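**Student:** What follows is the file input-v1.cif, containing mmCIF, C-alpha atoms:
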data_my_file
loop_
_atom_site.label_atom_id
_atom_site.label_comp_id
_atom_site.auth_asym_id
_atom_site.auth_seq_id
_atom_site.Cartn_x
_atom_site.Cartn_y
_atom_site.Cartn_z
CA MET A 211 6.75 -96.18 30.97
CA SER A 212 8.77 -99.14 29.77
CA ILE A 213 8.88 -102.74 30.95
CA PHE A 214 11.62 -101.89 33.44
CA ASP A 215 9.67 -99.15 35.21
CA TYR A 216 6.70 -101.47 35.23
CA PHE A 217 8.35 -103.71 37.79
CA HIS A 218 9.99 -100.94 39.74
CA ASN A 219 6.78 -98.95 39.84
CA LYS A 220 8.01 -96.07 41.99
CA LYS A 221 6.69 -93.18 39.98
CA THR A 222 6.66 -89.83 41.69
CA ASN A 223 3.42 -87.96 41.31
CA THR A 224 4.67 -84.51 40.32
CA ALA A 225 1.15 -83.27 39.54
CA SER A 226 0.07 -83.47 43.18
CA LEU A 227 3.17 -81.52 44.18
CA ALA A 228 2.29 -78.88 41.57
CA LYS A 229 -1.22 -78.65 42.98
CA GLU A 230 -0.02 -78.20 46.56
CA ARG A 231 2.43 -75.47 45.55
CA LEU A 232 -0.24 -73.69 43.53
CA GLN A 233 -2.78 -73.81 46.35
CA VAL A 234 -0.31 -72.14 48.70
CA ILE A 235 0.86 -69.40 46.35
CA VAL A 236 -2.61 -68.64 44.97
CA ALA A 237 -4.09 -68.34 48.48
CA HIS A 238 -1.23 -66.04 49.47
CA GLU A 239 -1.65 -63.82 46.41
CA ARG A 240 -5.43 -63.67 46.81
CA GLY A 241 -4.91 -62.45 50.36
CA LYS A 242 -2.67 -59.65 49.15
CA ARG A 243 -5.13 -58.73 46.41
CA SER A 244 -7.84 -57.83 48.90
CA GLN A 245 -5.54 -55.55 50.88
CA PRO A 246 -5.96 -51.82 50.54
CA ASN A 247 -3.29 -50.08 48.45
CA TYR A 248 -1.89 -48.10 51.37
CA LEU A 249 -0.92 -51.16 53.39
CA PRO A 250 2.64 -51.73 52.02
CA LYS A 251 3.51 -48.04 52.44
CA MET A 252 2.05 -47.91 55.92
CA GLN A 253 4.00 -51.05 56.84
CA GLN A 254 7.20 -49.41 55.61
CA GLU A 255 6.56 -46.25 57.63
CA ILE A 256 5.80 -48.23 60.79
CA ILE A 257 9.08 -50.09 60.34
CA GLU A 258 10.96 -46.78 59.97
CA VAL A 259 9.52 -45.52 63.26
CA ILE A 260 10.42 -48.71 65.14
CA LYS A 261 13.89 -48.65 63.64
CA LYS A 262 14.54 -45.28 65.28
CA TYR A 263 14.50 -47.02 68.64
CA ILE A 264 15.18 -50.70 68.09
CA PRO A 265 17.46 -52.29 65.50
CA ILE A 266 15.18 -54.59 63.49
CA ASP A 267 15.04 -55.95 59.96
CA ASN A 268 12.17 -55.41 57.61
CA ASP A 269 11.15 -59.06 57.76
CA GLN A 270 10.71 -58.89 61.52
CA VAL A 271 7.52 -56.91 61.16
CA THR A 272 4.33 -58.32 59.71
CA VAL A 273 1.23 -56.29 59.10
CA THR A 274 -1.99 -58.07 58.21
CA LEU A 275 -5.50 -56.83 57.70
CA ASP A 276 -8.33 -59.29 58.27
CA ASN A 277 -11.80 -58.54 57.09
CA SER A 278 -14.48 -60.53 58.83
CA ASP A 279 -18.21 -59.79 58.51
CA ASN A 280 -18.54 -56.27 59.85
CA CYS A 281 -15.16 -55.51 61.37
CA SER A 282 -11.59 -55.23 60.13
CA ILE A 283 -8.65 -56.14 62.33
CA LEU A 284 -5.25 -54.59 61.69
CA GLU A 285 -2.65 -56.84 63.23
CA LEU A 286 0.93 -55.63 63.79
CA ASN A 287 3.49 -58.21 64.79
CA VAL A 288 7.04 -57.13 65.65
CA THR A 289 9.69 -59.68 66.56
CA LEU A 290 12.20 -57.93 68.83
CA PRO A 291 15.85 -58.99 68.79
CA ASP A 292 17.07 -61.13 71.72
CA ASN A 293 19.73 -58.77 73.06
CA THR A 294 17.53 -55.82 73.97
CA MET B 171 -27.47 -55.96 22.05
CA ALA B 172 -24.16 -57.67 21.49
CA GLU B 173 -22.46 -59.88 24.05
CA ILE B 174 -18.81 -58.91 24.57
CA ILE B 175 -16.54 -61.87 25.38
CA VAL B 176 -12.85 -61.44 26.22
CA VAL B 177 -10.44 -64.32 25.67
CA THR B 178 -7.65 -63.80 28.17
CA SER B 179 -5.02 -65.67 30.22
CA GLY B 180 -2.26 -63.48 31.61
CA LYS B 181 0.39 -65.89 30.39
CA GLY B 182 1.43 -65.95 26.74
CA GLY B 183 1.42 -68.93 24.41
CA VAL B 184 -1.44 -70.81 26.07
CA GLY B 185 -3.80 -70.59 23.10
CA LYS B 186 -5.71 -67.29 23.35
CA THR B 187 -5.65 -66.53 19.63
CA THR B 188 -6.34 -70.16 18.67
CA THR B 189 -9.30 -70.07 21.06
CA SER B 190 -10.59 -66.68 19.86
CA ALA B 191 -10.50 -67.94 16.26
CA ALA B 192 -12.17 -71.24 17.11
CA ILE B 193 -14.89 -69.88 19.42
CA GLY B 194 -15.64 -66.92 17.12
CA SER B 195 -15.91 -69.22 14.11
CA GLY B 196 -18.02 -71.65 16.11
CA LEU B 197 -20.52 -68.93 17.05
CA ALA B 198 -20.75 -67.86 13.39
CA LEU B 199 -21.28 -71.50 12.34
CA ARG B 200 -24.28 -71.59 14.73
CA GLY B 201 -25.79 -68.60 12.95
CA HIS B 202 -24.65 -65.73 15.20
CA LYS B 203 -23.10 -62.68 13.56
CA THR B 204 -19.67 -62.48 15.18
CA VAL B 205 -16.63 -60.21 15.04
CA ILE B 206 -13.24 -61.13 16.49
CA ILE B 207 -11.08 -58.15 17.49
CA ASP B 208 -7.30 -58.50 17.84
CA PHE B 209 -6.20 -56.35 20.81
CA ASP B 210 -2.54 -57.33 20.46
CA VAL B 211 -1.41 -54.02 18.95
CA GLY B 212 2.15 -54.37 17.67
CA LEU B 213 2.11 -58.17 17.65
CA ARG B 214 -0.96 -59.06 15.63
CA ASN B 215 -1.47 -62.70 14.79
CA LEU B 216 -5.20 -63.28 14.63
CA ASP B 217 -5.05 -62.47 10.90
CA LEU B 218 -2.57 -65.33 10.34
CA ILE B 219 -4.58 -67.83 12.38
CA MET B 220 -7.74 -66.84 10.47
CA GLY B 221 -5.92 -66.97 7.13
CA CYS B 222 -6.68 -63.38 6.12
CA GLU B 223 -3.25 -61.78 6.61
CA ARG B 224 -3.03 -60.65 2.99
CA ARG B 225 -6.38 -58.90 3.11
CA VAL B 226 -5.52 -56.46 5.91
CA VAL B 227 -5.69 -52.87 4.68
CA TYR B 228 -6.94 -50.84 7.63
CA ASP B 229 -6.81 -51.83 11.29
CA PHE B 230 -8.26 -51.17 14.74
CA VAL B 231 -6.00 -48.16 15.39
CA ASN B 232 -6.88 -46.59 12.02
CA VAL B 233 -10.55 -46.72 13.01
CA LEU B 234 -9.73 -45.35 16.46
CA ASN B 235 -7.95 -42.37 14.88
CA ASP B 236 -10.69 -41.78 12.28
CA GLU B 237 -8.32 -42.66 9.44
CA ALA B 238 -10.77 -45.29 8.24
CA ASN B 239 -14.32 -46.33 9.05
CA LEU B 240 -15.29 -49.69 10.53
CA ASN B 241 -16.58 -51.11 7.26
CA GLN B 242 -13.23 -50.46 5.62
CA ALA B 243 -11.32 -52.16 8.40
CA LEU B 244 -13.57 -55.20 8.98
CA ILE B 245 -12.49 -58.30 7.05
CA LYS B 246 -15.23 -60.72 6.08
CA ASP B 247 -14.28 -64.36 6.49
CA LYS B 248 -14.11 -66.38 3.28
CA ARG B 249 -15.67 -69.46 4.83
CA ASN B 250 -18.58 -67.94 6.70
CA ASN B 251 -20.45 -64.74 5.84
CA LEU B 252 -21.48 -64.10 9.47
CA LEU B 253 -17.86 -63.94 10.61
CA PHE B 254 -15.69 -60.79 10.62
CA ILE B 255 -12.20 -59.92 11.82
CA LEU B 256 -10.93 -56.56 13.04
CA PRO B 257 -7.12 -56.76 12.87
CA ALA B 258 -4.72 -55.00 15.23
CA SER B 259 -2.21 -52.45 14.03
CA GLN B 260 1.24 -53.89 13.48
CA THR B 261 3.14 -50.60 13.49
CA ARG B 262 1.80 -48.98 16.65
CA ASP B 263 2.06 -49.87 20.33
CA LYS B 264 -0.52 -50.52 23.04
CA ASP B 265 -0.65 -46.85 24.04
CA ALA B 266 -2.62 -46.23 20.84
CA LEU B 267 -5.61 -47.78 22.64
CA THR B 268 -7.74 -45.42 24.72
CA GLN B 269 -10.75 -46.33 26.78
CA GLU B 270 -12.98 -43.83 24.98
CA GLY B 271 -11.77 -44.98 21.56
CA VAL B 272 -12.30 -48.66 22.33
CA GLN B 273 -15.74 -47.94 23.76
CA LYS B 274 -16.76 -46.01 20.65
CA ILE B 275 -15.78 -48.89 18.37
CA LEU B 276 -17.45 -51.50 20.57
CA ASN B 277 -20.66 -49.45 20.67
CA GLU B 278 -20.70 -49.19 16.90
CA LEU B 279 -20.06 -52.94 16.50
CA ALA B 280 -22.73 -53.76 19.07
CA GLU B 281 -25.37 -52.26 16.78
CA SER B 282 -24.95 -54.95 14.14
CA PHE B 283 -23.24 -57.94 15.79
CA ASP B 284 -24.49 -60.65 18.18
CA TYR B 285 -21.08 -61.48 19.60
CA ILE B 286 -17.87 -59.46 19.93
CA ILE B 287 -14.83 -61.59 20.78
CA CYS B 288 -11.87 -59.63 22.17
CA ASP B 289 -8.59 -61.50 21.68
CA SER B 290 -6.40 -60.18 24.52
CA PRO B 291 -2.63 -59.82 24.37
CA ALA B 292 -0.57 -61.61 27.03
CA GLY B 293 0.35 -59.79 30.22
CA ILE B 294 -1.65 -57.53 32.50
CA GLU B 295 -0.65 -54.19 30.98
CA LYS B 296 -2.70 -51.70 29.00
CA GLY B 297 -3.54 -53.94 26.02
CA ALA B 298 -4.85 -56.74 28.21
CA GLN B 299 -6.75 -54.28 30.43
CA MET B 300 -8.38 -52.63 27.40
CA ALA B 301 -9.41 -56.04 26.02
CA LEU B 302 -11.19 -57.05 29.22
CA TYR B 303 -12.53 -53.69 30.42
CA PHE B 304 -15.89 -53.76 28.60
CA ALA B 305 -16.43 -57.54 28.75
CA ASP B 306 -19.69 -59.20 29.74
CA GLN B 307 -18.07 -62.63 29.79
CA ALA B 308 -14.49 -63.85 30.03
CA ILE B 309 -12.95 -67.05 28.73
CA VAL B 310 -9.81 -67.68 30.78
CA VAL B 311 -7.51 -69.91 28.73
CA THR B 312 -5.28 -72.04 30.96
CA ASN B 313 -2.73 -74.80 30.42
CA PRO B 314 -2.48 -77.53 33.08
CA GLU B 315 0.84 -76.13 34.25
CA VAL B 316 1.84 -74.09 37.33
CA SER B 317 2.76 -70.74 35.76
CA SER B 318 -0.33 -70.65 33.57
CA VAL B 319 -2.69 -71.46 36.46
CA ARG B 320 -1.11 -68.80 38.67
CA ASP B 321 -1.37 -66.16 35.93
CA SER B 322 -4.98 -67.12 35.28
CA ASP B 323 -5.77 -66.49 38.92
CA ARG B 324 -4.10 -63.09 38.62
CA ILE B 325 -6.17 -62.16 35.58
CA LEU B 326 -9.34 -63.28 37.42
CA GLY B 327 -8.43 -60.80 40.14
CA ILE B 328 -8.16 -58.05 37.53
CA LEU B 329 -11.52 -59.00 35.99
CA GLN B 330 -13.06 -58.75 39.45
CA SER B 331 -11.57 -55.35 40.25
CA LYS B 332 -10.66 -53.42 37.10
CA SER B 333 -13.41 -54.21 34.59
CA LEU B 334 -16.22 -51.76 33.88
CA ARG B 335 -18.68 -54.13 35.51
CA ALA B 336 -16.53 -54.27 38.67
CA GLU B 337 -16.01 -50.51 38.77
CA THR B 338 -19.69 -49.68 38.36
CA GLY B 339 -20.90 -52.41 40.72
CA ALA B 340 -22.88 -54.08 37.93
CA GLU B 341 -23.37 -57.83 37.71
CA PRO B 342 -19.84 -59.33 37.65
CA VAL B 343 -18.17 -60.50 34.45
CA LYS B 344 -19.25 -64.11 33.78
CA GLU B 345 -16.08 -66.22 34.01
CA HIS B 346 -15.36 -69.44 32.11
CA LEU B 347 -12.37 -71.75 32.40
CA LEU B 348 -11.03 -73.24 29.18
CA LEU B 349 -8.28 -75.78 29.71
CA THR B 350 -6.08 -76.24 26.64
CA ARG B 351 -3.19 -78.56 25.69
CA TYR B 352 -4.64 -81.22 27.97
CA ASN B 353 -2.90 -84.57 27.83
CA PRO B 354 -5.02 -87.26 29.54
CA SER B 355 -2.33 -89.95 29.49
CA ARG B 356 0.15 -87.69 31.30
CA VAL B 357 -2.60 -86.84 33.80
CA ALA B 358 -3.16 -90.58 34.33
CA ASP B 359 0.58 -90.98 34.99
CA GLY B 360 0.52 -88.20 37.60
CA GLU B 361 2.67 -85.93 35.45
CA MET B 362 0.10 -83.26 34.67
CA LEU B 363 -2.50 -81.34 36.69
CA SER B 364 -5.96 -82.79 36.10
CA VAL B 365 -9.12 -80.89 35.15
CA ALA B 366 -10.31 -81.33 38.74
CA ASP B 367 -7.04 -79.95 40.14
CA VAL B 368 -7.27 -76.77 38.05
CA GLU B 369 -10.98 -76.38 38.81
CA ASP B 370 -10.18 -76.74 42.53
CA ILE B 371 -7.61 -73.97 42.44
CA LEU B 372 -9.32 -71.44 40.16
CA ALA B 373 -12.89 -72.21 41.29
CA ILE B 374 -14.68 -70.98 38.17
CA PRO B 375 -17.07 -72.94 35.90
CA LEU B 376 -15.48 -75.14 33.24
CA LEU B 377 -16.34 -74.22 29.65
CA GLY B 378 -14.22 -76.80 27.88
CA VAL B 379 -11.17 -79.01 27.80
CA ILE B 380 -9.15 -78.98 24.59
CA PRO B 381 -6.84 -81.97 24.22
CA GLU B 382 -3.25 -81.42 23.13
CA SER B 383 -3.54 -82.20 19.46
CA GLU B 384 -1.55 -82.17 16.24
CA SER B 385 -4.57 -80.70 14.53
CA VAL B 386 -4.01 -77.32 16.23
CA LEU B 387 -0.62 -76.73 14.61
CA LYS B 388 -1.95 -78.07 11.32
CA ALA B 389 -4.84 -75.60 11.50
CA SER B 390 -2.54 -72.65 12.17
CA ASN B 391 -0.24 -73.75 9.32
CA LEU B 392 -3.27 -73.57 7.02
CA GLY B 393 -4.77 -70.40 8.49
CA GLU B 394 -8.03 -72.20 9.15
CA PRO B 395 -9.48 -72.19 12.70
CA VAL B 396 -9.34 -75.72 14.08
CA ILE B 397 -13.10 -75.80 14.68
CA PHE B 398 -13.64 -76.10 10.91
CA ASP B 399 -11.85 -79.48 11.08
CA GLU B 400 -14.76 -81.65 12.15
CA THR B 401 -12.63 -84.78 12.28
CA ALA B 402 -10.10 -83.30 14.73
CA ASP B 403 -10.44 -83.97 18.47
CA ALA B 404 -9.51 -80.36 19.28
CA GLY B 405 -12.07 -79.07 16.75
CA GLN B 406 -14.80 -81.19 18.33
CA ALA B 407 -13.79 -80.09 21.83
CA TYR B 408 -14.04 -76.42 20.76
CA SER B 409 -17.43 -77.12 19.22
CA ASP B 410 -18.60 -78.54 22.57
CA ALA B 411 -17.27 -75.42 24.31
CA VAL B 412 -19.30 -73.21 21.93
CA SER B 413 -22.42 -75.23 22.80
CA ARG B 414 -21.79 -74.67 26.50
CA LEU B 415 -21.24 -70.96 25.86
CA LEU B 416 -24.72 -70.99 24.32
CA CYS B 417 -25.98 -72.62 27.55
CA GLU B 418 -26.47 -76.09 26.07
CA GLU B 419 -25.58 -79.06 28.26
CA VAL B 420 -22.86 -81.14 26.65
CA GLU B 421 -20.93 -83.99 28.19
CA PHE B 422 -17.14 -83.54 28.38
CA ARG B 423 -15.06 -85.61 25.96
CA PHE B 424 -11.36 -86.40 25.56
CA LEU B 425 -10.73 -86.51 29.31
CA GLU B 426 -9.60 -90.13 29.44
CA ALA B 427 -6.34 -91.54 28.11
CA GLU B 428 -6.49 -93.82 25.09
CA LYS B 429 -6.01 -97.38 26.22
CA LYS B 430 -2.54 -98.56 25.27
CA GLY B 431 -2.14 -102.09 23.96
CA LEU B 432 0.17 -104.55 25.68
CA PHE B 433 2.74 -104.25 22.90
CA LYS B 434 2.90 -100.47 23.14
CA ARG B 435 3.20 -100.64 26.91
CA LEU B 436 6.10 -103.05 26.75
CA MET B 437 7.84 -100.84 24.24
CA GLY B 438 7.30 -97.83 26.47
CA ALA B 439 5.44 -95.86 23.81
CA ARG B 440 3.41 -92.81 24.82
#
Just dump the structure as structure tokens.
**Tutor:**
Amino acid sequence: MSIFDYFHNKKTNTASLAKERLQVIVAHERGKRSQPNYLPKMQQEIIEVIKKYIPIDNDQVTVTLDNSDNCSILELNVTLPDNT
Amino acid sequence: MAEIIVVTSGKGGVGKTTTSAAIGSGLALRGHKTVIIDFDVGLRNLDLIMGCERRVVYDFVNVLNDEANLNQALIKDKRNNLLFILPASQTRDKDALTQEGVQKILNELAESFDYIICDSPAGIEKGAQMALYFADQAIVVTNPEVSSVRDSDRILGILQSKSLRAETGAEPVKEHLLLTRYNPSRVADGEMLSVADVEDILAIPLLGVIPESESVLKASNLGEPVIFDETADAGQAYSDAVSRLLCEEVEFRFLEAEKKGLFKRLMGAR
């Protein structure tokens, strides 16, 4: 920081941006870590079945598994195309 | 019964070997018989950092394959007679390590040592998994930088799922965060993640904060672990970390930026 910046004083705090980005990615990866190993394969197979009947992309299907206390919820979310 | 401590990080170049050398030496300086094992088969460097590279005759893999016994392979430190080094093989690759072989060596070492420090290679492949598998405690070395923090979180996941303690449902591996290359003045300027930021994200207890310091490179140039340099800030910070490892309460130092004088500020000096 030199005398010129001292009067401008509009420093960007890059550390806080780093922290925010890390919190998002780490939370996301921790979520994946607790998933059972079969989940990605099962998701792929579900997509293949749907594709037989409806033209969809892989990213239009989300499969999540939530574990709360004593029950697990498998949630399947398919976004159908507009023109069907 | 020996305590097995793995020094790990996921990411390379964050200071695992520097830390293994410093913490191992520090434990020996406090009177605990300690051996530091280099698990980086194929890319050994602990010998250089410890200054015993010319005394390596037999290595870890030789002992594993019964080509030498442990006493032939262990190198006694010249500075401290409670400190030993077990070098990695330079000519083999990580596949030379087997779980049974590593366990046999650790069991034999546990009979005569108080502490076994396992210096992990970078990555999450076989070498790193072997280094952490039998650990009782883990020192996760992290730089205040995005890729290092992310990789540390990944390695914590592996400690919690793929270690012997995790697989057998025993008490979990005791995790410690060691922040290295910390630059308080850049933190003050909002250019570097702070200790609190990294603690927030990784959520494991803080063992120490090692300031970025010229003394670390100087120590590796000399082949003398930085903890032997009692005048160096990094050496003192490692010494504090060793105290905390031994469950002593020590206040954290070197967390605040040095106050810059008016002249330096006007000249824009760091």
**Student:** Contacts of stretch 226-232 of chain B at 9 Å or less, counting all atoms listed in the file, minus same-chain residues fewer than 6 places along, as a PyMOL selection string?
**Tutor:** chain B and resi 207-209+211+217+238-240+242-245+256-260+262+266-267+272+275
**Student:** If you count only C-alpha atoms, which residues fall within 7 Å of B:Thr178, apart from same-chain ones fewer than 4 positions away, as a PyMOL selection string?
**Tutor:** chain B and resi 186+289-290+309-311
**Student:** Let me have the centre and edge lengths in Å, one decimal, of the box along x, y and z around every listed atom of stretch 276-280 of chain A with 8 Å of margin on each side, as AutoDock Vina command-line options.
**Tutor:**
--center_x -13.4 --center_y -58.4 --center_z 58.5 --size_x 26.2 --size_y 20.3 --size_z 18.8
**Student:** Selected by the PyMOL selection byres ((chain B and resi 179) around 7) in the shown coordinates: which residues, as a PyMOL selection string?
**Tutor:** chain B and resi 178+180-181+292+310-312+321-322+325
**Student:** Would you kindly report the residues of chain A within 8 Å of chain B, using only C-alpha atoms, as JSON, numbers by chain?
**Tutor:** {"A": [211, 212, 213, 222, 223, 224, 225, 226, 228, 229, 232, 233, 235, 236, 240, 243]}
**Student:** How far is it from atom CA of B:Asn391 to atom CA of B:Ile219, in Å with one decimal?
**Tutor:**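 Those two atoms sit 8.0 Å apart.
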**Student:** Name the residues that the PyMOL selection byres ((chain B and resi 191-200) around 8) pulls out of this structure, and write them as a list of chain:residue names.
**Tutor:**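 Applied to this file, the PyMOL selection byres ((chain B and resi 191-200) around 8) returns B:Thr187, B:Thr188, B:Thr189, B:Ser190, B:Gly201, B:His202, B:Lys203, B:Thr204, B:Val205, B:Ile206, B:Leu216, B:Ile219, B:Met220, B:Asn250, B:Leu252, B:Leu253, B:Tyr285, B:Ile287, B:Pro395, B:Val396, B:Ile397, B:Phe398, B:Gly405, B:Tyr408, B:Ser409, B:Ala411, B:Val412.
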**Student:** Mind dumping the selected residues with C-alpha atoms as an mmCIF file, keeping the file's coordinate frame?
**Tutor:**
data_model
loop_
_atom_site.group_PDB
_atom_site.id
_atom_site.type_symbol
_atom_site.label_atom_id
_atom_site.label_comp_id
_atom_site.auth_asym_id
_atom_site.auth_seq_id
_atom_site.Cartn_x
_atom_site.Cartn_y
_atom_site.Cartn_z
ATOM 1 C CA THR B 187 -5.650 -66.530 19.630
ATOM 2 C CA THR B 188 -6.340 -70.160 18.670
ATOM 3 C CA THR B 189 -9.300 -70.070 21.060
ATOM 4 C CA SER B 190 -10.590 -66.680 19.860
ATOM 5 C CA GLY B 201 -25.790 -68.600 12.950
ATOM 6 C CA HIS B 202 -24.650 -65.730 15.200
ATOM 7 C CA LYS B 203 -23.100 -62.680 13.560
ATOM 8 C CA THR B 204 -19.670 -62.480 15.180
ATOM 9 C CA VAL B 205 -16.630 -60.210 15.040
ATOM 10 C CA ILE B 206 -13.240 -61.130 16.490
ATOM 11 C CA LEU B 216 -5.200 -63.280 14.630
ATOM 12 C CA ILE B 219 -4.580 -67.830 12.380
ATOM 13 C CA MET B 220 -7.740 -66.840 10.470
ATOM 14 C CA ASN B 250 -18.580 -67.940 6.700
ATOM 15 C CA LEU B 252 -21.480 -64.100 9.470
ATOM 16 C CA LEU B 253 -17.860 -63.940 10.610
ATOM 17 C CA TYR B 285 -21.080 -61.480 19.600
ATOM 18 C CA ILE B 287 -14.830 -61.590 20.780
ATOM 19 C CA PRO B 395 -9.480 -72.190 12.700
ATOM 20 C CA VAL B 396 -9.340 -75.720 14.080
ATOM 21 C CA ILE B 397 -13.100 -75.800 14.680
ATOM 22 C CA PHE B 398 -13.640 -76.100 10.910
ATOM 23 C CA GLY B 405 -12.070 -79.070 16.750
ATOM 24 C CA TYR B 408 -14.040 -76.420 20.760
ATOM 25 C CA SER B 409 -17.430 -77.120 19.220
ATOM 26 C CA ALA B 411 -17.270 -75.420 24.310
ATOM 27 C CA VAL B 412 -19.300 -73.210 21.930
#
**Student:** Could you list, as a PDB file with C-alpha atoms, in the frame of the given file, every residue matched by the PyMOL selection byres ((chain B and resi 342) around 9) in this structure?
**Tutor:**
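The result, written out as result-v6.pdb:
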ATOM      1  CA  ASP B 306     -19.690 -59.200  29.740  1.00  0.00           C
ATOM      2  CA  GLN B 307     -18.070 -62.630  29.790  1.00  0.00           C
ATOM      3  CA  LEU B 329     -11.520 -59.000  35.990  1.00  0.00           C
ATOM      4  CA  GLN B 330     -13.060 -58.750  39.450  1.00  0.00           C
ATOM      5  CA  SER B 333     -13.410 -54.210  34.590  1.00  0.00           C
ATOM      6  CA  ARG B 335     -18.680 -54.130  35.510  1.00  0.00           C
ATOM      7  CA  ALA B 336     -16.530 -54.270  38.670  1.00  0.00           C
ATOM      8  CA  GLY B 339     -20.900 -52.410  40.720  1.00  0.00           C
ATOM      9  CA  ALA B 340     -22.880 -54.080  37.930  1.00  0.00           C
ATOM     10  CA  GLU B 341     -23.370 -57.830  37.710  1.00  0.00           C
ATOM     11  CA  VAL B 343     -18.170 -60.500  34.450  1.00  0.00           C
ATOM     12  CA  LYS B 344     -19.250 -64.110  33.780  1.00  0.00           C
ATOM     13  CA  GLU B 345     -16.080 -66.220  34.010  1.00  0.00           C
TER      14      GLU B 345
END
**Student:** Do you know which residues are at most 10 Å from A:Val273 counting only C-alpha atoms, after dropping those on the same chain fewer than 3 positions away, and could you put them as a ChimeraX atom specification?
**Tutor:** /A:249-250,252-254,256,284-288
**Student:** Quick one: distance from atom CA of A:Leu275 to atom CA of A:Ala237 in Å, one decimal?
**Tutor:**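 Computing the Euclidean distance for atom CA of A:Leu275 and atom CA of A:Ala237 yields 14.8 Å.
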**Student:** Grab the atom CA of A:Thr274 to atom CA of A:Ile257 distance for me, in Å with one decimal place.
**Tutor:**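 Calculated distance between atom CA of A:Thr274 and atom CA of A:Ile257 is 13.8 Å.
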